[in-house]
>>> print(open('final_39.tsv').read())   # TSV, C-alpha atoms
chain	number	residue	atom	x	y	z
O	118	MET	CA	1.91	6.24	-12.28
O	119	ASP	CA	-1.14	4.55	-13.82
O	120	LEU	CA	-2.57	1.37	-12.35
O	121	VAL	CA	-3.50	-1.04	-15.15
O	122	LYS	CA	-4.23	-4.23	-13.21
O	123	THR	CA	-4.35	-5.61	-9.69
O	124	GLY	CA	-1.05	-5.92	-7.82
O	125	MET	CA	-0.41	-7.78	-4.58
O	126	SER	CA	2.40	-7.87	-2.07
O	127	GLY	CA	2.97	-9.29	1.40
O	128	THR	CA	1.85	-12.28	3.40
O	129	MET	CA	-0.57	-13.13	6.17
O	130	GLU	CA	2.27	-13.86	8.59
O	131	SER	CA	2.73	-12.13	11.92
O	132	SER	CA	4.38	-8.68	11.65
O	133	ASP	CA	3.54	-8.43	7.93
O	134	ILE	CA	0.78	-6.88	5.83
O	135	ASN	CA	-0.90	-8.14	2.68
O	136	ILE	CA	-1.67	-5.31	0.25
O	137	ILE	CA	-3.82	-5.63	-2.87
O	138	ILE	CA	-4.04	-2.52	-5.08
O	139	GLY	CA	-6.10	-2.06	-8.20
O	140	PRO	CA	-7.39	0.70	-10.44
O	141	SER	CA	-10.54	2.58	-9.48
O	142	ASP	CA	-13.03	4.69	-11.41
O	143	SER	CA	-14.09	6.59	-8.27
O	144	GLY	CA	-11.39	9.24	-8.52
O	145	ALA	CA	-10.40	8.62	-4.90
O	146	ILE	CA	-8.24	6.33	-2.81
O	147	GLU	CA	-10.41	3.77	-1.06
O	148	ILE	CA	-8.74	1.67	1.64
O	149	ASP	CA	-10.39	-1.42	3.09
O	150	LEU	CA	-8.30	-2.24	6.18
O	151	GLN	CA	-8.49	-5.31	8.37
O	152	SER	CA	-6.04	-5.25	11.25
O	153	SER	CA	-5.59	-6.89	14.61
O	154	VAL	CA	-4.38	-3.50	15.89
O	155	GLU	CA	-6.85	-1.28	14.01
O	156	LYS	CA	-8.16	0.48	17.11
O	157	GLN	CA	-4.68	1.57	18.13
O	158	PHE	CA	-2.98	2.09	14.76
O	159	GLY	CA	-5.66	2.03	12.00
O	160	ARG	CA	-5.41	5.75	11.29
O	161	GLN	CA	-1.60	5.57	10.99
O	162	ILE	CA	-1.72	2.47	8.75
O	163	ARG	CA	-4.19	4.17	6.39
O	164	LYS	CA	-2.09	7.36	6.35
O	165	THR	CA	1.09	5.41	5.54
O	166	ILE	CA	-0.62	3.62	2.64
O	167	GLU	CA	-2.18	6.84	1.33
O	168	ASP	CA	1.08	8.81	1.61
O	169	THR	CA	2.91	6.07	-0.30
O	170	LEU	CA	0.29	6.12	-3.07
O	171	LYS	CA	0.50	9.91	-3.32
O	172	LYS	CA	4.32	9.73	-3.46
O	173	HIS	CA	3.85	7.76	-6.69
O	174	SER	CA	1.24	10.25	-8.00
O	175	ILE	CA	-1.66	7.84	-7.54
O	176	THR	CA	-4.89	9.63	-6.69
O	177	SER	CA	-7.41	6.90	-7.52
O	178	ALA	CA	-7.10	3.29	-6.31
O	179	ASN	CA	-8.87	0.46	-4.53
O	180	VAL	CA	-6.73	-0.91	-1.71
O	181	LYS	CA	-7.38	-3.95	0.44
O	182	ALA	CA	-4.97	-4.33	3.35
O	183	VAL	CA	-4.86	-7.18	5.84
O	184	ASP	CA	-2.43	-6.21	8.59
O	185	LYS	CA	-0.86	-8.54	11.12
O	186	GLY	CA	1.10	-5.94	13.07
O	187	ALA	CA	3.46	-4.57	10.41
O	188	ILE	CA	5.63	-1.55	11.17
O	189	ASP	CA	5.63	1.51	8.89
O	190	TYR	CA	8.68	0.47	6.85
O	191	VAL	CA	7.05	-2.87	6.02
O	192	ILE	CA	3.77	-1.14	5.09
O	193	ILE	CA	5.63	1.24	2.77
O	194	ALA	CA	7.66	-1.55	1.13
O	195	ARG	CA	4.62	-3.76	0.58
O	196	THR	CA	2.57	-0.85	-0.77
O	197	GLU	CA	5.31	0.21	-3.20
O	198	THR	CA	5.75	-3.34	-4.46
O	199	ALA	CA	2.00	-3.70	-5.03
O	200	ILE	CA	1.97	-0.34	-6.86
O	201	TYR	CA	4.73	-1.40	-9.27
O	202	ARG	CA	2.99	-4.71	-9.90
O	203	ALA	CA	-0.37	-2.99	-10.48
O	204	ALA	CA	1.29	-0.53	-12.87
O	205	ASP	CA	2.93	-3.49	-14.68
O	206	ARG	CA	6.32	-1.82	-14.33
O	207	GLU	CA	9.71	-3.29	-13.62
O	208	ASP	CA	11.77	-0.10	-13.44
O	209	TYR	CA	11.91	-0.15	-9.67
O	210	ILE	CA	13.51	2.72	-7.81
O	211	TRP	CA	14.44	1.28	-4.43
O	212	GLU	CA	15.86	4.22	-2.58
O	213	CYS	CA	15.76	4.84	1.13
O	214	ASP	CA	13.84	8.01	1.99
O	215	LYS	CA	16.36	9.93	4.10
O	216	ASP	CA	13.56	11.88	5.82
O	217	ALA	CA	11.71	8.77	7.00
>>> encode(input="final_39.tsv", output="structure tokens")
Amino acid sequence: MDLVKTGMSGTMESSDINIIIGPSDSGAIEIDLQSSVEKQFGRQIRKTIEDTLKKHSITSANVKAVDKGAIDYVIIARTETAIYRAADREDYIWECDKDA
């Protein structure tokens, strides 16, 4: 999926995460994470965002994430929504991953 603009999803409320995704010329996924639980869960939050991007065949993106204690399912949902918005697509495929 190609990112053509900046897409955002989420809020700054407790137990949520705000994700902003945009195209990048770097050829890599760059994640700027701010989290109240970064020391404990920063690595897992970054991995969840990166895995979700890769699931949608995105290998180059700028991501800004402001986490307020979101669980993995929320991080995945917010990341996928931001991806579709950044790709300017409306053909959403909202399926539950049975292996998750």
>>> closest_residue(input="final_39.tsv", among="O:Arg163, O:Arg202, O:Lys171, O:Lys122", to="Val183 (chain O)", atoms="only C-alpha atoms")
O:Arg163
>>> closest_residue(input="final_39.tsv", among="O:Met118, O:Glu155, O:Asp142, O:Asn179", to="Asp208 (chain O)", atoms="all atoms listed in the file")
O:Met118
>>> residues_around(input="final_39.tsv", residues="Asp133 (chain O)", least_positions_apart="4", cutoff="9 Å", atoms="all atoms listed in the file", output="list of chain:residue names")
O:Gly127, O:Thr128, O:Met129, O:Val183, O:Asp184, O:Lys185, O:Gly186, O:Ala187, O:Ile188, O:Val191, O:Ile192, O:Arg195
>>> atom_distance(input="final_39.tsv", atom1="CA of Ile146 (chain O)", atom2="CA of Thr198 (chain O)")
17.1 Å
>>> closest_residue(input="final_39.tsv", among="O:Thr123, O:Thr196, O:Ser174, O:Gln161", to="Pro140 (chain O)", atoms="only C-alpha atoms")
O:Thr123
>>> atom_distance(input="final_39.tsv", atom1="CA of Ala203 (chain O)", atom2="CA of Ser153 (chain O)")
25.9 Å
>>> residues_near_point(input="final_39.tsv", point="(-4.3, -5.0, 4.1)", cutoff="8 Å", atoms="all atoms listed in the file", output="MDAnalysis selection string")
chainID O and resid 134:137 149:152 180:184
>>> decode(input="final_39.tsv", residues="region 122-151 of chain O", atoms="C-alpha atoms", output="short mmCIF file (atom, residue, chain, number, x, y, z; two decimals), in the first residue's frame")
data_model
loop_
_atom_site.label_atom_id
_atom_site.label_comp_id
_atom_site.auth_asym_id
_atom_site.auth_seq_id
_atom_site.Cartn_x
_atom_site.Cartn_y
_atom_site.Cartn_z
CA LYS O 122 -0.55 11.90 2.47
CA THR O 123 -0.55 12.12 6.25
CA GLY O 124 -3.14 10.04 8.11
CA MET O 125 -4.08 10.29 11.77
CA SER O 126 -6.04 8.14 14.18
CA GLY O 127 -6.65 8.01 17.91
CA THR O 128 -6.94 10.46 20.76
CA MET O 129 -4.88 11.72 23.67
CA GLU O 130 -7.21 10.09 26.19
CA SER O 131 -6.10 7.58 28.79
CA SER O 132 -5.71 4.02 27.43
CA ASP O 133 -5.53 5.27 23.83
CA ILE O 134 -2.79 6.14 21.36
CA ASN O 135 -2.60 8.91 18.77
CA ILE O 136 -0.89 7.75 15.57
CA ILE O 137 0.18 10.02 12.71
CA ILE O 138 1.61 8.27 9.63
CA GLY O 139 3.03 9.88 6.53
CA PRO O 140 5.16 9.02 3.53
CA SER O 141 8.94 9.03 3.85
CA ASP O 142 11.78 9.25 1.36
CA SER O 143 14.21 7.50 3.73
CA GLY O 144 13.31 3.98 2.64
CA ALA O 145 12.79 2.96 6.26
CA ILE O 146 10.16 3.01 8.97
CA GLU O 147 10.92 5.77 11.45
CA ILE O 148 8.90 5.77 14.68
CA ASP O 149 8.90 8.74 17.04
CA LEU O 150 7.27 7.41 20.23
CA GLN O 151 6.20 9.35 23.28
#
